[in-house]
Structures are given as structure tokens and as C-alpha cells.
Amino acid sequence: MTSPEAPHAPRRPATLTHFGDTRVDDYFWLRDRDDPAVLMYLEAENEFAASALAGTEALRERVYDEIVARIEETDVTAPVRWGDWWYYARTFEGRSYPVHCRRPLGDGTFPESLHEPGEQVLLDENALAEGHAFCSVGVLEVAPSHGLVAMGVDFDGDERHLVSFRSLDGREVPNETIADVGYSVAWTADETALLYVRVDDAWRPFELWRHQLGTDPATDELVYREDDERFRVSVARSRDGSTLLVHVGSSMTTEVLSLDAASGQTLRTVWPRRDGVECSMEHLVAPNGDPWWIAVTNDEAVDFRVMASRESDALDFKEVVAERTGCRIDGVDAFARHLVVAERLDGCAAVRVLPLLEGEDPFGSALEERGFIVENDEAPATTVIDQNPEFVTSSVRVTQTTLITPASSVDVDLGSGARVVRKRRVVRGGYDPAAYVSSRLWVTARDGVEIPVSLVHRRDLLASMDEPGSGPASPMPMVLYGYGAYEVCIEPTFASARLSLLDRGVAYAIAHVRGGGELGRAWYERGRLEHKATTFHDFVDVAHGLVAHGYTNASSLVAIGGSAGGLLMGASINLEPSSFRAVVAEVPFVDVLNTMLDESLPLTVGEWEEWGDPIHDEAAYFRIKSWSPYDNVPVALDGTPSAYPDLLVLGSLNDTRVSYWEPAKWVARIRATSPRTNVVLKTDLGAGHGGPSGRYDSWRERALVFAFVLDKLGRTEAPVADRAASRR
């Protein structure tokens, strides 16, 4: 049986003209999902992918087995206290989805072990998923009295949830469902109603509705509608339980409204909309009983500051935590006697605890001096706030991790700062963190700016075991990951699956390029709109810097990125295809100009603040055209086809964020203009933006990617530990 040839999508030229500029798009027709030829083409690509990757099948199975072998398949999360219950989730060997559970509080001491007696199952996602190829629970909201739960499930991957209700205390619950719900819901205090956000045809959460339990959802009350297509609506119940907060935000502007928590009615403005001013809001009943609004905002503060206003002061906000340039404040959690601030510290996620006072002014003077940073024992490291539903508490739960230390659930004493590890993710198979080294490098970009790079590899690859800073003994095969958009920070965190690369001598690096938010708001601003090309230059410059410093070479470097990181992959290899041995682009946002020209598509209008508005702004049109990967697939001037690095491209048919046709069109154009390129397109015909929903299917997809990477790097042998065992 002969292997199938690479598919070549038929050319059906579509002429597109804007601002007097005419483009011919041979593959525009792939956008028509109702055209039978589209599905036929995707299936042909999948058949070719299976054939092209067949040579890695045995390696893929080995890597998958390694990933699973490291996982504590039957496990339980660290319980979180809320009211009179401990809440947690279980996983079981052989089951793809978690089981959400709780047990009575007992004497209030942390349960060091969780036994079945007394346990109540809130939701078994495995039972819910039976008969469905895809299952994602996007809503699981327990009511304030802990007797009801609202559950929203998506069976298609399109991020539209069907919400239903379940009883947790034996009361009778009406059999009613609400369709097209986003991720955001909130119970009223009396539990007679649920506030929920509904999405429009472009998957934008744009309406806030109030559903009265026991009534027909067709009669639900519209509470708020946002007509500006740049803005998205969310709702949440404050931790102190006294109010419902409604955030209405675009990429760069926020308005905050509040609702009475008891009824879910009486909408009023807390933070008015002002162009370019962002805000996230918390509500706080201070130690003396006064209610306060707490805001994290960039109002007169590039890297954000914390402000507060007593409710009785007519929204007269004062600064309580000042801006620190380059150390962005990401958010604040308000507790009965403390503020817990999420911020950036040395480019990494950190948490600061600030104690409140008992008097009329709970913040007083020198608030920051009275607080402390939650310690982490390594660097670069990640410390982030975890689930903390209790308002009155003496400790706060954080998650801590590094590139070599598995994630730990840590309780931090709000008075002393003492840390107690409640749960550390188990890595089976004798994992020894001391066998690895993580570090932070700085690579100089072409404009002289230093770009941080987080790096991890085996310790035995160093030139000197006694001098970690001495660099590698010889250039290492390496994976370079990048994202660089939306002010998203790619944190240096642990992933046990990555050990299948590290233990075969492959290093892993994260390029914290501009467009992300690792070094503050300015770091983001220098990689968006008219500065977007900086993101791509940074990534290529990091690749060059790693080579110049002796860490790797171009023939041993594989780049990986997904979504906006897939855009980064496409733009970077258009700039310098010879800088990489291979590239993995997962659900890549590569047809940027066409997508930003179509207002009917999900996210388009809201993302003009990120990329530019090519419909109404001529400069933005030509700027995006200059770097959009699909529009810049290179062809040599002499007609000789250019050669990309080998490519693995993954897409999803039901993706609402990056439409399936973006990777499909991109691959079709690469095949036509660069026939020497080895490019594989695999489209999941039953998933959305996040790929497969079940954990085993997700691990299989990760194994497929890693097998591709290892094959291109020539590292298909067994891991170090296995080779050592075989020698013994």
C-alpha cells in the first residue's frame, strides 16, 4: 500500500480589495464550512498526516506511556475550605475527567487525608461525558448556602454552555435549562435567581440576564446589554457576599457596575467608562464594618495601582498601593483583614500580603511597608493566588512552581507569612529535581533591549558541574516556546510531560518577548498595534542569541507556539526560516488580515485594540498586511521555491477563537509556494480551541507533538534513566 501524496487544495481565486489594494486569495473558499469539498480536504489532510507521522508512531506511544507513567492518575486536589465544607476534586485511573466532591468541615483542621465516608459528589464529569466525543464543564457555581449548584456544559467545543441545576441538600430543583451561556454566572444571596452572561453570534458575552428558579427561561429578565462590539460582560459575586460585580471591558477600557446581592437588581455604576482606563474591582467590608470599593487601575499609573473608596464617599477613590514601574499589579483579592495583591516581581508572578487596620481608615499610612512578599525558594519562579472563597480567614492559598519543581498548593499565614505545603503534585518514576537546572538568561534584541529567557535542562549537560553559570558543555538540541500577545505572561512552571524532552537531552526555553506582560505594561505596549513586528523580531533575536551563547544551533532548534503564539511562529519563519529546524504551530492565528477585516467573526471587533482596525484605518491595514503570516509566505524572487523548516500544524474544526480555515489556508499556500517544505496539517474534527477535552486524549496529542519534535532533533532514543537502567 503506497502512502498518500500531500493534498493540494484547489485554487479558487477570490479577489479582495480594500483601500485600493487588491489581493488574490486562492483559498478563501475554505471558509465555507457548508461546502462538502472543505471537509473532504480536511479529511484528506488528516489522512496524509497519519501517513506522514507513521514513522513516529512507536516513539509517540513510548512518549505517551512515559507521560501517563509520571501522572498520579488516581489523585485528589488539596481541599479548599468554604463555609461548612471542604471542596476538592478527584481523578481516577482510566477516567478522563475529574469528579468534583466535598465533605463536611468537621473540627475545621485541614484534612490530611480524604476518605470516602462522608464525601458528597457534586458532579462526576465522566458520567456527564458518556456518549460525547467532547465534554467541557465551563460553569460549576455552588450557591451561597451550599445547597444548589449551577452547572454549564459544552459538548461541541464552541464554548456555548447549557446550564442546568442540581440539588446538593435534597431540596427539589426545577428541571430547566438555559442555553448559550458564557463562562460567567452568579447566584443571588437568597438563591432564588441566577445571573448569567449570554453570548452573541460572534461568541461575545454581551448580555446579562436574570433567571428566576422555577420559571421558564424564555421569561428571563434582561439586566444589561452591551452594544459596543469591543466590550465583553462578566458577572461575579464578591467574596464578602454583599454585592454582585459586573465588569464590562474591552482590551483597554473598563466600566464596573454593581447589583444588589440579595435580589440581583438595582444596577448602578461604580467605575464609569473612560477610554483607555482599565479597572478590576473588589468589594470589602473593612474590620470596622464600613463597606469599601477596591480598584486595580491604570488611571494615572502605567503599571497599575490600587485605589479605594468608602461607599459613603461617592466614589472618591484614593491611592492605597502606588505604581512601581516595570512591576505591574495584576489584581487584588480582598479579605476581612488583608489585601492580597498579585503582581510582577523580576518578571515573574508574585503575591504580596497587606494587612488592614481596625480604625476608620483600614489602609492607614505605610500600608506596603507593613506587608510582605510570599517567599519562593527558587528563581525564576511562579507564585499565584489560588481558590480562596472564604472572606474571613487567617491564611490564603497560593500555588507555587518553577520549571523544575512541581506545582504545590501552599497555605500562607496572613500574619506571619509562614508557609505550609498542603499538596505537591506527585511525579511518579523517581523524579529528582536536583538532576535539572533552571535559569534566567537575558538576550539582547536588535534594538538593544534585553529579552528574558527562562531555560531548563538536565544538569549533566553543563560544562562544569560546579559552575551552573558556565553554560552547556556543547550546543544542545532545544525547544523554544513563545507567545507574545494580549499582555499574557508565560510563567516558568513545571510540566511533567516535558521530562520526555529533557531526559533525552533536549533543553526547553521560554522567550518572554514583548507583547506579553512579563515586565510591565510598557513591555506589552512595545509589542502591539504599530509595534507588533517587535514581537517577531524579539523571537528571532532570542533564537540567534541562544546560538551565539553556545546553547544550541539552528539545526537543533524547534519552535513551538499556539493561537497568538502560532501567529508568532508563522511571522518568525517568514522572517528567517533558516533559524529553526522545525516548527509546531497549534491552532495558529495566521490569517490575521482577513480575520480582522471580517466584523462578523468571533473576537474581531474586540481585537482591533490589539492588532489594529484594518477596515477603517488604512495605516493599520497595510501594517497588518506587512506581517500577517498567510499574506507573507515567502517566494524567492528568482522563482525558486523557498524552504520553510519542517512544520506540524494543528487545528480544530469547532474552534471559535481561531477558525479552522486559518491553519488550513496557511498550509495550502505553503504547499503551493514552497513544495519542498515538509508540512503536516492535523485538524481535530470534534474539538475547539483548547483541543481534546479528556485528559488522556490531551496527553496523546502532547505525545504526538513531542514525538514530532524528538524525531526532527534526532533524539528518539530512550530517556536517560531508562538507558542507565538498561546498562545495569
# chains A, B, ... in the order shown; residues from 1 in each chain; ligands from 1

call {"tool": "select_by_dssp", "arguments": {"residues": "range 377-493 of chain A", "states": "strand (DSSP E)", "output": "PyMOL selection string"}}
result
chain A and resi 381-385+395-402+408-413+419-424+436-444+450-458+478-482

call {"tool": "select_by_dssp", "arguments": {"residues": "range 197-377 of chain A", "states": "helix (DSSP H, G or I)", "output": "ChimeraX atom specification"}}
result
/A:217-219,311-313,367-370

call {"tool": "residues_around", "arguments": {"residues": "Asn376 in chain A", "least_positions_apart": "4", "cutoff": "8 Å", "atoms": "only C-alpha atoms", "output": "ChimeraX atom specification"}}
result
/A:381,383,400

call {"tool": "residues_around", "arguments": {"residues": "Ser556 in chain A", "least_positions_apart": "3", "cutoff": "7 Å", "atoms": "only C-alpha atoms", "output": "VMD selection string"}}
result
chain A and resid 477 to 478 552 to 553 581 713

call {"tool": "closest_atom_pairs", "arguments": {"of": "range 208-240 of chain A", "to": "range 277-288 of chain A", "cutoff": "10 Å", "atoms": "only C-alpha atoms", "output": "tab-separated table"}}
result
residue	atom	partner	partner_atom	distance
A:Ala236	CA	A:Glu282	CA	9.9
A:Arg237	CA	A:His283	CA	9.4
A:Ser238	CA	A:His283	CA	6.0
A:Arg239	CA	A:His283	CA	7.5
A:Asp240	CA	A:Leu284	CA	6.6

call {"tool": "write_last_selection", "arguments": {"atoms": "C-alpha atoms", "output": "compact mmCIF listing (two decimals), in the first residue's frame"}}
result
# COMPACT_ATOMS: atom_id res chain seq x y z
CA ALA A 236 -19.27 37.64 39.84
CA ARG A 237 -20.32 37.60 43.47
CA SER A 238 -17.98 39.48 45.81
CA ARG A 239 -16.10 37.38 48.34
CA ASP A 240 -17.77 39.21 51.22

call {"tool": "residues_around", "arguments": {"residues": "range 69-81 of chain A", "least_positions_apart": "6", "cutoff": "9 Å", "atoms": "only C-alpha atoms", "output": "JSON, numbers by chain"}}
result
{"A": [87, 88, 89, 90, 91, 92, 93, 94, 95, 102, 105, 108, 110, 111, 112, 114, 387, 388, 389, 390, 397, 409, 422, 423, 424, 425, 426, 427, 428, 429, 430, 431, 496, 497]}

call {"tool": "residues_around", "arguments": {"residues": "range 167-183 of chain A", "least_positions_apart": "5", "cutoff": "6 Å", "atoms": "only C-alpha atoms", "output": "list in words"}}
result
Gly138, Val139, Gly147, Leu148, Arg160, His161, Leu162, Val197, Arg198, Val199 and Gly214 of chain A

call {"tool": "residues_around", "arguments": {"residues": "Val513 in chain A", "least_positions_apart": "2", "cutoff": "9 Å", "atoms": "only C-alpha atoms", "output": "ChimeraX atom specification"}}
result
/A:451-453,482-485,510-511,515-518,523-524,527,534-539,542

call {"tool": "closest_residue", "arguments": {"among": "A:Val24, A:Val506, A:Val443, A:Leu245", "to": "Asp631 in chain A", "atoms": "only C-alpha atoms"}}
result
A:Val24
